[in-house]
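A quick write-up on the structure given underneath.
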Amino acid sequence: MPSFISIQHLTKSYSKGKNTVTPLQNLSLEVPQGEFLALMGPSGSGKTTLLNMIAGIDSPSSGELIVDDRDISKLSRAEITRWRASHVGYIFQLYHLVPILSAYENVELPLLLTKMSRSQRKERILAALDLVGLSDRANHRPSELSGGQEQRVAIARAIVHDPGLLVADEPTGDLDRESADSILQLLNTLADEHDKTIVMVTHDPKAAAAAHRTLHLEKGQLIEQGAVSSSTQNAAS
Ligand SMILES: Nc1ncnc2c1ncn2[C@@H]1O[C@H](COP(=O)(O)OP(=O)(O)OP(=O)(O)O)[C@@H](O)[C@H]1O
């Protein structure tokens, strides 16, 4: 099966004063469509940097970055903004819901950027809320929801425009174990039954274990779980 994400020899450097920081160095990665991939690694190892590259939020210094058959490192700023809006869904640790809007209205936000009619939007929003198990909370505001429910609304918002790729940065970092497990189950369902390709950054080994595969970032390179050195495990714990 061709890869949904194909990264070849990707390097990312930042200038910091007189110094250069290179969180990702000559990194290569293949992710098949429908895979739920977890990224782990010590703080500062470049996990968020890699996630931002894959999601088209930041661009590589060098290397090839193909997502869904497109080399997104070669797109202009306007093209990448358009690409992101239709191809990527974002899930954050702290949900980033708009407090004065209902769950329904929060989920509607990505669709307001499209030419969809109100009735088309309604159909999509109700389907997304149904998929995350929150049909009965459509009119509730975030403050009237539990943390787990807020994250479900955020996931409904991330999938409502039907992107192929979901990126999640510590999606269970603010949740108790039970809520975290049900969010991880939902992410598995999205990969297994809805063919979403999911890349999740996490510090939580239990969250990583729920994914199909876990990779560790070490010295700007990716290492399969099992091949990770004890020094990295100590640093990550
Ligand atoms: N915009 C930027 N400008 C300069 N340096 C940056 C920038 N973004 C990230 N870095 C540096 O790149 C390195 C990797 O950062 P990154 O946030 O990707 O790590 P991380 O593994 O996600 O860490 P954490 O687990 O703490 O979130 C760090 O040394 C960071 O200071």
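Residues in the structure tokens are named by chain (A, B, ... in the order shown) and by number from 1 within that chain; ligands are numbered from 1 in the order shown.
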
- Item | Protein and nucleic residues near ligand 1, 12 Å, only C-alpha atoms and all ligand atoms, as JSON, numbers by chain | {"A": [11, 12, 13, 14, 15, 16, 17, 18, 19, 20, 21, 22, 23, 24, 25, 39, 40, 41, 42, 43, 44, 45, 46, 47, 48, 49, 50, 51, 52, 53, 57, 58, 59, 60, 93, 168, 169, 170, 173, 200, 201, 202, 203, 204, 216, 217, 218, 219, 220, 221, 222, 235, 236, 237]}

- Message: Set the distance at 12 Å and use only C-alpha atoms: which residues neighbour Arg157 (chain A) once local chain neighbours fewer than 2 positions away are removed? I'd like the list as number ranges by chain.
- Response: A: 85, 88-92, 95-98, 102-112, 121, 124-132, 150-155, 159-163, 166

Put those residues in a file: C-alpha atoms, as an mmCIF file, in the first residue's frame.
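Contents of again-v7.cif, as written:
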data_model
loop_
_atom_site.group_PDB
_atom_site.id
_atom_site.type_symbol
_atom_site.label_atom_id
_atom_site.label_comp_id
_atom_site.auth_asym_id
_atom_site.auth_seq_id
_atom_site.Cartn_x
_atom_site.Cartn_y
_atom_site.Cartn_z
ATOM 1 C CA ALA A 85 -8.127 23.756 5.666
ATOM 2 C CA VAL A 88 -5.950 18.286 8.100
ATOM 3 C CA GLY A 89 -7.847 18.102 11.385
ATOM 4 C CA TYR A 90 -6.162 19.302 14.599
ATOM 5 C CA ILE A 91 -6.682 17.977 18.096
ATOM 6 C CA PHE A 92 -5.005 19.787 20.999
ATOM 7 C CA TYR A 95 -9.329 21.443 23.244
ATOM 8 C CA HIS A 96 -9.292 25.125 22.108
ATOM 9 C CA LEU A 97 -13.081 25.360 21.987
ATOM 10 C CA VAL A 98 -14.736 28.786 21.788
ATOM 11 C CA SER A 102 -22.368 25.677 21.714
ATOM 12 C CA ALA A 103 -20.871 22.292 20.834
ATOM 13 C CA TYR A 104 -22.797 22.478 17.532
ATOM 14 C CA GLU A 105 -21.417 25.934 16.723
ATOM 15 C CA ASN A 106 -17.856 24.924 17.642
ATOM 16 C CA VAL A 107 -18.057 21.951 15.284
ATOM 17 C CA GLU A 108 -19.488 24.224 12.583
ATOM 18 C CA LEU A 109 -16.427 26.537 12.566
ATOM 19 C CA PRO A 110 -14.288 24.736 9.908
ATOM 20 C CA LEU A 111 -17.323 24.537 7.607
ATOM 21 C CA LEU A 112 -17.849 28.305 7.675
ATOM 22 C CA ARG A 121 -23.430 21.999 7.227
ATOM 23 C CA ARG A 124 -22.200 17.123 8.551
ATOM 24 C CA ILE A 125 -22.235 18.566 12.085
ATOM 25 C CA LEU A 126 -24.915 16.168 13.331
ATOM 26 C CA ALA A 127 -23.039 13.216 11.780
ATOM 27 C CA ALA A 128 -19.761 14.293 13.435
ATOM 28 C CA LEU A 129 -21.417 14.797 16.835
ATOM 29 C CA ASP A 130 -23.077 11.399 16.451
ATOM 30 C CA LEU A 131 -19.746 9.757 15.613
ATOM 31 C CA VAL A 132 -18.151 11.093 18.803
ATOM 32 C CA GLU A 150 -14.931 18.791 25.425
ATOM 33 C CA GLN A 151 -12.250 16.720 23.716
ATOM 34 C CA ARG A 152 -14.980 14.815 21.848
ATOM 35 C CA VAL A 153 -16.391 18.122 20.581
ATOM 36 C CA ALA A 154 -12.868 19.088 19.510
ATOM 37 C CA ILE A 155 -12.532 15.775 17.662
ATOM 38 C CA ILE A 159 -13.286 15.579 11.424
ATOM 39 C CA VAL A 160 -16.352 17.541 10.289
ATOM 40 C CA HIS A 161 -14.742 18.635 7.004
ATOM 41 C CA ASP A 162 -13.608 15.032 6.378
ATOM 42 C CA PRO A 163 -9.816 15.469 6.320
ATOM 43 C CA LEU A 166 -5.578 14.052 11.939
#

- Give the strand (DSSP E) residues of region 19-233 of chain A, as assigned by DSSP on the backbone, as a PyMOL selection string. chain A and resi 19-32+36-40+62-67+70-71+88-91+165-169+197-201+213-218+221-224

- Message: Excluding Leu10 (chain A) and its own-chain neighbours fewer than 5 positions away, which residues fall within 8 Å of it when counting only C-alpha atoms? Please give them as a ChimeraX atom specification.
- Response: /A:24-28,60-65

Find the spatial neighbours of Asp71 (chain A), counting only C-alpha atoms, within a cut-off of 12 Å - ignore same-chain residues fewer than 2 positions away - and output them as a PDB file with C-alpha atoms, in the first residue's frame.
ATOM      1  CA  PHE A   4      -0.096   8.419   3.093  1.00  0.00           C
ATOM      2  CA  ILE A   5       2.827  10.290   4.635  1.00  0.00           C
ATOM      3  CA  SER A   6       6.270   9.879   3.085  1.00  0.00           C
ATOM      4  CA  ILE A   7       9.178  11.810   4.596  1.00  0.00           C
ATOM      5  CA  GLN A   8      12.652  11.536   3.111  1.00  0.00           C
ATOM      6  CA  MET A  53       5.754  19.750   9.484  1.00  0.00           C
ATOM      7  CA  ILE A  54       3.344  16.903   8.748  1.00  0.00           C
ATOM      8  CA  GLY A  56       1.814  21.961   7.016  1.00  0.00           C
ATOM      9  CA  SER A  59       8.084  23.870   6.590  1.00  0.00           C
ATOM     10  CA  PRO A  60      11.257  21.758   6.430  1.00  0.00           C
ATOM     11  CA  GLY A  63      14.120  17.109   2.488  1.00  0.00           C
ATOM     12  CA  GLU A  64      10.940  15.763   0.951  1.00  0.00           C
ATOM     13  CA  LEU A  65       7.573  15.776   2.716  1.00  0.00           C
ATOM     14  CA  ILE A  66       4.741  14.085   0.833  1.00  0.00           C
ATOM     15  CA  VAL A  67       1.274  13.915   2.349  1.00  0.00           C
ATOM     16  CA  ASP A  68      -1.585  12.321   0.417  1.00  0.00           C
ATOM     17  CA  ASP A  69       0.440  12.353  -2.834  1.00  0.00           C
ATOM     18  CA  SER A  73       7.087  21.470   1.265  1.00  0.00           C
ATOM     19  CA  LYS A  74       6.808  22.894  -2.248  1.00  0.00           C
ATOM     20  CA  LEU A  75       3.449  24.653  -1.804  1.00  0.00           C
ATOM     21  CA  SER A  76       3.245  28.439  -1.535  1.00  0.00           C
ATOM     22  CA  GLU A  79      -1.608  26.988  -1.240  1.00  0.00           C
ATOM     23  CA  ILE A  80      -0.588  25.413   2.059  1.00  0.00           C
ATOM     24  CA  TRP A  83      -4.468  22.583   1.694  1.00  0.00           C
TER      25      TRP A  83
END

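The smallest atom-to-atom distance between Asp176 (chain A) and any of A:Met116, A:Ala38, A:Ala207, A:Leu134, using only C-alpha atoms, is found for A:Ala207.
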
- Query: Near Asp181 (chain A), counting only C-alpha atoms, which residues have an atom at most 12 Å away, once you skip same-chain residues fewer than 3 positions from it, shown as a list in words?
  - Reply: Gly148, Pro171, Thr172, Gly173, Leu175, Asp176, Arg177, Glu178, Leu184, Gln185, Leu186, Leu187, Asn188, Asp204, Lys206, Ala207, Ala208, Ala209, Ala210 and Ala211 of chain A

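For Glu144 (chain A), the residues within 12 Å (counting only C-alpha atoms, excluding itself and residues fewer than 3 positions away along the chain) are Pro99, Ile100, Leu101, Ser102, Ala103, Arg137, Ala138, Asn139, His140, Arg141, Gly147, Gly148, Gln149 and Glu150 of chain A.
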
Store the residues of this selection in a file with C-alpha atoms, as a compact mmCIF listing (two decimals), in the first residue's frame.
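Output file again-v1.txt follows:
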# COMPACT_ATOMS: atom_id res chain seq x y z
CA PRO A 99 -16.40 29.22 25.21
CA ILE A 100 -19.37 31.31 24.07
CA LEU A 101 -20.36 28.89 21.31
CA SER A 102 -22.37 25.68 21.71
CA ALA A 103 -20.87 22.29 20.83
CA ARG A 137 -25.00 17.65 23.92
CA ALA A 138 -25.21 19.73 20.73
CA ASN A 139 -26.61 22.80 22.49
CA HIS A 140 -24.27 22.70 25.48
CA ARG A 141 -21.44 25.18 25.87
CA GLY A 147 -13.09 17.42 29.87
CA GLY A 148 -13.62 14.17 27.97
CA GLN A 149 -16.76 15.58 26.35
CA GLU A 150 -14.93 18.79 25.42
